[in-house]
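Visitor: One structure, pasted below without further comment.
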Number of protein chains: 2
Amino acid sequence: MTVRGVGGTRAGGGADGSGAGERDGAEGTLVTPSAEFPPLAPEELAALRRIGDQWRAARRDRAPGTDALPVDPSLRRAGGQPEPSRFGRLAPIAMFRVGEPDELVATEPANLPGSRFGRTVTRLRRALLGPPLSSSAVLYERMRKLVALPVLSSDLLSSVAYGPEAMLAVLLLAGSGALELSLPLAAALAVLMVAVGVSYRQTVVAYPHGAGSYVVAGDNFGPRAGLAAAAGLMVDYVLTVAVSVAAGVHAVTSALPGLAGWTVPLGVLTIALLLAGNLRGVRTAGNLFVLPTYAFVVALLALLAVGYARAAGGGFAPVPPPPVPAVEGLGLLLVLRAFSSGAVSMTGIEAVSNAVPVFRPPEWRNARITLGWMVAMLVLLFTGLTGLVHLTGVVPTPEATLLSQLARVTFPTGPWYGLVQAATALILLLAANTAFNGFPRLLFFMARADHAPRRFLHMGDRLAFSDGLVALAVAAAAVLVAFRGHTESLIPLYAVGVFLAFTLSQAGMVVHWRRRRGPGWLRRATVNAVGAVLSGLVLVTAAATKFTEGAWVVVLAVPLLVLLGTAIHRHYALLHRSLALHPPPAGPAPAPPVVPAPPPAAGPAPPEGEELPQQVRHLVVVPVARLNRASLRALAYAASLGQPTLAVHIAPEEPEADRFREQWRIWGDHVRLETIVSPYRAVIGPLAHYLEALHAGRADLVLTVIVPEVVVRSRWHRPLHSRTEQRLRSALRPLPAVVVTSVPVHLSE
Amino acid sequence: MTVRGVGGTRAGGGADGSGAGERDGAEGTLVTPSAEFPPLAPEELAALRRIGDQWRAARRDRAPGTDALPVDPSLRRAGGQPEPSRFGRLAPIAMFRVGEPDELVATEPANLPGSRFGRTVTRLRRALLGPPLSSSAVLYERMRKLVALPVLSSDLLSSVAYGPEAMLAVLLLAGSGALELSLPLAAALAVLMVAVGVSYRQTVVAYPHGAGSYVVAGDNFGPRAGLAAAAGLMVDYVLTVAVSVAAGVHAVTSALPGLAGWTVPLGVLTIALLLAGNLRGVRTAGNLFVLPTYAFVVALLALLAVGYARAAGGGFAPVPPPPVPAVEGLGLLLVLRAFSSGAVSMTGIEAVSNAVPVFRPPEWRNARITLGWMVAMLVLLFTGLTGLVHLTGVVPTPEATLLSQLARVTFPTGPWYGLVQAATALILLLAANTAFNGFPRLLFFMARADHAPRRFLHMGDRLAFSDGLVALAVAAAAVLVAFRGHTESLIPLYAVGVFLAFTLSQAGMVVHWRRRRGPGWLRRATVNAVGAVLSGLVLVTAAATKFTEGAWVVVLAVPLLVLLGTAIHRHYALLHRSLALHPPPAGPAPAPPVVPAPPPAAGPAPPEGEELPQQVRHLVVVPVARLNRASLRALAYAASLGQPTLAVHIAPEEPEADRFREQWRIWGDHVRLETIVSPYRAVIGPLAHYLEALHAGRADLVLTVIVPEVVVRSRWHRPLHSRTEQRLRSALRPLPAVVVTSVPVHLSE
């Protein structure tokens, strides 16, 4: 049975392979909010246990009573009645409820930010996007097939509106006689569609957690190939949004010419609306888009039915097209160009395989069925329209689209023509929505494999990948603005990015089957190989024939994105290496109890290597500019820590230094004071260098710098303060083993 | 003798009066870098002593050895050989030399910032502006009278280039016959000039530390009057720079028409050059401006000499002006308008009294002598030019300036005409420099009285008030850009701001003499009263007759600036009240030694009120997102403090919380852990509210939140990190008694 076969494949998918595939398998079920918290590797757990042993050895001698907390952290026996929060009307204790024995659960009010401004923004956002959704709702935000079909297919199906036209326009360059070739080309494209479709059906099953070209290519060819496929898709997603929105807005402004001057603002507004709809969450967005897609499909099916019925009445005798003189000779290159132009109709076919997890369980089967429907619909509409064009003898003209001409010929009267046009305009607008589904998920997978910033792992409070959605909207709006809304010329550029992804993905599947060598692997590999060769042919043709028309942008952008992804991966790899848990060196493990030790003889442990409390030797440093309540609070805080403490005063002039030392003596000289005259009046630089000098003397010390920070209530008051604390913090950041502590001082009446 | 009299006045000035005057007196010698560190008041010193007693009482029982520092803070017996700094090539220890027994002195390399970018910027700035000047050099940056005269008078003298013309242009509205009035008006203006000049001579002596209208008005009428005078002067300074630069650039573009399209960039560039020159320091800037001013004076004196000699040859018979028809009737209003227009020649007369401290000692006498020269020169040039205009019969025309016509008539041949024009253009450019001297000093005095942001007290590393200079340059450039370089229409607006300051200052001097009632006070007060009435008349006339021409901007800006200064003062007053040292309440002074106390019964001390170490009760909280070396370092740091410690983990989902607790147990459960499930996936909000809830349970606790902060080497890597530490810090800032400690974690290969 298929289910069992798939189950086997799934288990295999988890066990085999390297990199993303293995992670994907290990991560279990698909897209969860916990993806931000990857589990520890087994060797890290072992290291953790050994580090824990050393802590135990060291802390055996700690003072009793330090474990007794002065408050109950579970908030159960909190003294006093709940006081209202300074942030809101609810008492802060009431914002938490007790979950399992060991834990608290934050209720929704606990998420409101502290500042009045932040609260207002949050409330506005919630009014617009809906209340936050709990993580436990993640399973319910799935799509039924009948909803998923329009959401995921609007990009694919909408390209039928311009795909056949693009192919015929190229053929027409060789004269109207060359249009005869449209039927065999359509047949070839149908083969390509089916081949790619079948390949993706196999992909959905082989990668049931939602993968698509990025994971497939990365899994089988290595991360750079995966990144290349992802880059192609990212470019495609951005172009889809920009072009679809521009085309849709143009359809509107053609009907209402008064709006013609507002193309760019209307386009940006449309993108903002799409963004808002998608930020509300997956299901809601799906509901918005069900009707127009079905309306488009119904309108085109009606067009085909009526058209073919009429042609059947005429005995299927084709009307000869009007004679058009040839501009170019009919060579192989032209045929290939026509083929690759027609292939833009396949843009968006990969959406399902990227988005498997948005389906209801069993996800893989529902996704596969939906993909089947989509490809069938695509082949039907594409070949049907091409055939009908052939029968009716219309040719592409600059004045009216092919679809518009077909509709005019087929429905000379009645409301049907208008309906076809309206549905076309609407689905072009909504095609952009497919990208809003695919792009953030692609970034999620990339981020999980450390190829994109981590933030794309985070689900917003509506369980949508907010950052990915915003990134797509910003990029598309930038393209729209940069091209001032005239983005139609970008349509042919799709092909390069998309077919790069298709080619890599299908070639990857060939490798996948060959490695696995399961039953029937040769047949499956052959299917994918055919698809890969055909896709590669389209890719090369598109890149070569359209290079000067703008494809160079894509040819340039893809390697740059690959480099960017590689650089990100390198940085995260450094991060992981730096932060990964290692078993501590066996040598100094059971350290003696802390005594005021002399400086260690030679080779002190690098101070940031320490992970045991008994290895931390403190020196607390308090910079004091003048003696007031703020600095006395910082001094009191420092003294209360019970560690060796040093106060430092930076004076601009000798007499000021003398005066300050006099004040210090009046206070009682409770803390050792060092004054530094800074004759060039700088404070931050000399202080940072002084701390560095102290550190140079005893590299094993941890210097804790305690700075009072005056907190002002309004940001208008900030320019009145010198922000020494912030400047000191950023100056000290590069120093090793310098810990900065800010003691807040709130101004009160 | 005068010196004795002044000495008496000076001492009296310190004793009497309120606010700025008292401060000024107490502060001793003028402008010092130590102004940023005001001394403690006697009652604060007494409070400090009592607070110190309480510390002593409390710390009698502290553990021995905490006073022994693990390093020598004076860096004398620093172990090991000096290692080179990570910031530069010098070892950090070598950046400090031992000054007096008790202190270190930072050498110049210690001022270089830490980052490579910061170092490059600093080096570029030093190449442009010169090496830093030590505070001890402050006395040498004084000006000789012969240098001070051009620097401080270029504004005043340059206005002779347009003052007479402005007066005659108004008279001409009543026909050429009305020009007869120019001689009596010039005489009246000369009286006004002498009156104001004598008044400022008295001011220089009465306020020998450099004061001017702001201090005089504030001292005698209260801070609002002082602020009004300061606002008038500030508006005037900004307009001076913008207008002078625009006029100078126009003179250049008239000569070189090819540059006409570059007026605004050239003007901004000129302002930048003026700024750079002034940032280099006072004396250098003075040297730059000596020659052109003297050239202008010499050129005008030659013009007058030759003109009058020629007129003497003709028996001083005036040439009748060309007949011009009257547009308006010759009424009192018109005469007053002409008078107030001519009065713009007095713009800049207050520069000396504001800048007394830039003179060499004895400052007040050199300043008074310089002021006398300036007024004498002004009266001579103004009346001389007006008389010569009367004799030669030239009238203002739109085509050529009056000065240009006079020069053409006087020097029909030879290079003299060109010299006069060049000197005029140059001095207009340099007039702006007077503002660059006056504006930062005015802001310094305002900042010292808490009427302006503190940063204006700070002397940059060239001993110039960098922030004030930059503020003036930015404001003037903004005006220049906003008016696209056509700022000549703003010339008449000067009068409002300047005469507001004059009137307030001289009326204030009347009060000053009346309060003091020294010998001859009635005579002095009468002189000032005459000046005040005349100035006030000009002020009212200028504001009324030019209100719709743009004076409304000044009439609006002055109250707004007064409100701004008052608001700033209010904020700083709150700051002083909050931070001033008070004697501690007598009650709980000798507190018992710290024991793990039960929650105090009722009314615990507000946690930020504590200034004694024994009153600080700690709870250390470590938020842990995942267990890695960064979080283990934070935990080790927390545990090493020996205070009660609590770890908090925020989980997005229940299973993740379980998994984390499991890891915690593997580690060994060394620190009490509380897990909080945040079902809406937010981290910052729930954590802040949780800390608030803990605080609500025990208001006397100080919560120390310890956060590891991953330090990246390049700012390009920042978007790859979530910056949780920064966001948490800003969310926790408004909470009372929550101390945030960041433990840096540097990424290493």
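For the structure tokens, the naming scheme is as follows: chains receive sequential letters (A, B, ...) according to their order of presentation, residues are indexed from 1 within each chain, and ligands are indexed from 1 in presentation order.
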Using only C-alpha atoms, find which residues of chain A lie within 6 Å of chain B and jot them down as a short mmCIF file (atom, residue, chain, number, x, y, z; two decimals) with C-alpha atoms, in the first residue's frame.

Guide:
```
data_model
loop_
_atom_site.label_atom_id
_atom_site.label_comp_id
_atom_site.auth_asym_id
_atom_site.auth_seq_id
_atom_site.Cartn_x
_atom_site.Cartn_y
_atom_site.Cartn_z
CA LEU A 48 26.90 18.76 30.26
CA ARG A 49 26.86 15.87 32.72
CA GLY A 52 27.69 19.34 36.28
CA THR A 66 22.36 30.39 49.60
CA ASP A 67 19.92 27.92 48.14
CA LEU A 69 15.49 31.92 47.90
CA ALA A 78 3.80 35.55 47.24
CA GLY A 79 3.31 37.86 50.15
CA PRO A 92 1.76 41.10 37.57
CA ILE A 93 1.23 38.02 39.71
CA GLU A 103 6.09 25.46 35.70
CA LEU A 104 4.19 28.65 35.18
CA VAL A 105 2.22 29.64 32.12
CA ALA A 106 2.22 33.24 30.97
CA ALA A 110 1.93 39.20 30.11
CA ASN A 111 2.90 39.73 26.49
CA PRO A 113 5.16 45.50 26.32
CA SER A 134 -1.44 30.12 21.30
CA SER A 135 1.24 27.67 20.21
CA PRO A 453 19.17 34.62 9.89
CA ASP A 461 1.89 35.89 17.71
CA SER A 578 32.19 28.83 20.29
CA LEU A 579 29.14 27.99 22.34
CA ALA A 580 28.96 24.21 22.05
CA LEU A 581 29.46 22.35 25.31
CA GLU A 611 32.42 27.75 33.34
CA LEU A 612 32.81 26.85 36.99
CA PRO A 613 31.85 29.28 39.75
CA ASN A 628 25.43 61.85 44.56
CA ARG A 629 22.67 59.39 45.33
CA LEU A 632 26.29 56.05 46.26
CA ARG A 633 23.68 53.50 45.21
CA ALA A 636 26.35 50.35 47.97
CA ALA A 639 29.92 46.75 48.41
CA SER A 640 26.95 44.49 49.12
CA GLN A 643 33.88 41.19 46.53
CA PRO A 644 37.05 43.31 46.30
CA ILE A 666 34.71 63.35 54.00
CA TRP A 667 32.51 60.41 53.03
CA GLY A 668 34.85 58.11 54.93
CA THR A 675 41.79 59.03 40.54
CA ILE A 676 42.95 59.40 36.98
CA VAL A 677 43.57 62.82 35.50
CA SER A 678 42.52 62.87 31.87
CA PRO A 679 44.10 66.08 30.58
CA TYR A 680 42.29 65.77 27.26
CA GLY A 685 38.75 56.06 26.43
CA PRO A 686 40.98 56.36 29.52
CA HIS A 689 42.23 51.49 28.77
CA ALA A 693 45.63 47.66 32.08
CA GLY A 697 48.06 42.56 35.32
CA LEU A 720 19.81 66.20 28.28
CA VAL A 739 31.12 42.43 32.85
CA VAL A 740 29.01 45.59 32.85
CA THR A 741 26.27 46.03 35.42
CA SER A 742 23.85 48.94 35.22
CA VAL A 743 22.13 50.03 38.38
CA LEU A 747 14.02 60.16 38.80
CA SER A 748 11.27 60.86 41.30
#
```

Visitor: Which of segment 484-534 of chain B end up as helix (DSSP H, G or I) when DSSP is run on this backbone - answer as a PyMOL selection string?

Guide: chain B and resi 488-516+521-534

Visitor: Write out the residues from the selection above, keeping C-alpha atoms, as a PDB file, in the first residue's frame.

Guide:
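Below is the file part-v4.pdb, written as the result:
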```
ATOM      1  CA  GLU B 488      19.185  88.436   2.090  1.00  0.00           C
ATOM      2  CA  SER B 489      15.536  89.047   2.906  1.00  0.00           C
ATOM      3  CA  LEU B 490      16.345  87.909   6.439  1.00  0.00           C
ATOM      4  CA  ILE B 491      18.786  90.771   7.077  1.00  0.00           C
ATOM      5  CA  PRO B 492      16.126  93.117   8.544  1.00  0.00           C
ATOM      6  CA  LEU B 493      14.995  90.388  10.925  1.00  0.00           C
ATOM      7  CA  TYR B 494      18.222  90.568  12.879  1.00  0.00           C
ATOM      8  CA  ALA B 495      17.024  93.710  14.562  1.00  0.00           C
ATOM      9  CA  VAL B 496      14.239  92.053  16.545  1.00  0.00           C
ATOM     10  CA  GLY B 497      16.372  89.465  18.292  1.00  0.00           C
ATOM     11  CA  VAL B 498      19.330  91.728  18.855  1.00  0.00           C
ATOM     12  CA  PHE B 499      17.398  94.677  20.234  1.00  0.00           C
ATOM     13  CA  LEU B 500      15.392  92.404  22.478  1.00  0.00           C
ATOM     14  CA  ALA B 501      18.705  91.394  24.023  1.00  0.00           C
ATOM     15  CA  PHE B 502      19.977  94.990  24.116  1.00  0.00           C
ATOM     16  CA  THR B 503      16.813  96.269  25.794  1.00  0.00           C
ATOM     17  CA  LEU B 504      16.707  93.550  28.412  1.00  0.00           C
ATOM     18  CA  SER B 505      20.413  93.858  29.107  1.00  0.00           C
ATOM     19  CA  GLN B 506      20.385  97.628  29.574  1.00  0.00           C
ATOM     20  CA  ALA B 507      17.187  97.660  31.584  1.00  0.00           C
ATOM     21  CA  GLY B 508      18.807  94.988  33.711  1.00  0.00           C
ATOM     22  CA  MET B 509      21.827  97.234  34.242  1.00  0.00           C
ATOM     23  CA  VAL B 510      19.495  99.960  35.521  1.00  0.00           C
ATOM     24  CA  VAL B 511      18.190  97.561  38.143  1.00  0.00           C
ATOM     25  CA  HIS B 512      21.738  96.473  38.855  1.00  0.00           C
ATOM     26  CA  TRP B 513      22.907 100.000  39.669  1.00  0.00           C
ATOM     27  CA  ARG B 514      19.761 100.808  41.633  1.00  0.00           C
ATOM     28  CA  ARG B 515      20.213  97.711  43.835  1.00  0.00           C
ATOM     29  CA  ARG B 516      23.844  98.397  44.403  1.00  0.00           C
ATOM     30  CA  TRP B 521      24.935 104.941  40.535  1.00  0.00           C
ATOM     31  CA  LEU B 522      22.383 107.501  39.413  1.00  0.00           C
ATOM     32  CA  ARG B 523      24.573 108.679  36.540  1.00  0.00           C
ATOM     33  CA  ARG B 524      25.289 105.114  35.421  1.00  0.00           C
ATOM     34  CA  ALA B 525      21.662 104.094  35.721  1.00  0.00           C
ATOM     35  CA  THR B 526      20.656 107.118  33.647  1.00  0.00           C
ATOM     36  CA  VAL B 527      23.077 106.189  30.873  1.00  0.00           C
ATOM     37  CA  ASN B 528      21.662 102.662  30.799  1.00  0.00           C
ATOM     38  CA  ALA B 529      18.090 103.893  31.010  1.00  0.00           C
ATOM     39  CA  VAL B 530      18.586 106.124  27.978  1.00  0.00           C
ATOM     40  CA  GLY B 531      20.068 103.168  26.103  1.00  0.00           C
ATOM     41  CA  ALA B 532      17.240 100.909  27.196  1.00  0.00           C
ATOM     42  CA  VAL B 533      14.545 103.334  26.049  1.00  0.00           C
ATOM     43  CA  LEU B 534      16.215 103.882  22.688  1.00  0.00           C
TER      44      LEU B 534
END
```

Visitor: Would you give me, as a PyMOL selection string, the residues in segment 511-726 of chain A that DSSP reads as strand (DSSP E or B)?

Guide: chain A and resi 617-623+645-651+672-677+701-711

Visitor: What does the distance from atom CA of Leu378 of chain A to atom CA of Val395 of chain A come to in Å, to one decimal?

Guide: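 These atoms are spaced 21.4 Å apart.
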
Visitor: Quick one, how far is atom CA of Ala195 of chain A from atom CA of Ala338 of chain A?

Guide: 19.0 Å

Visitor: Would you kindly return, as a list in words, each protein, DNA or RNA residue with an atom no farther than 9 Å from any atom of Ser404 of chain B, considering only C-alpha atoms and excluding same-chain residues fewer than 4 positions away?

Guide: Ala400, Arg408, Val409, Tyr417, Val420 and Gln421 of chain B
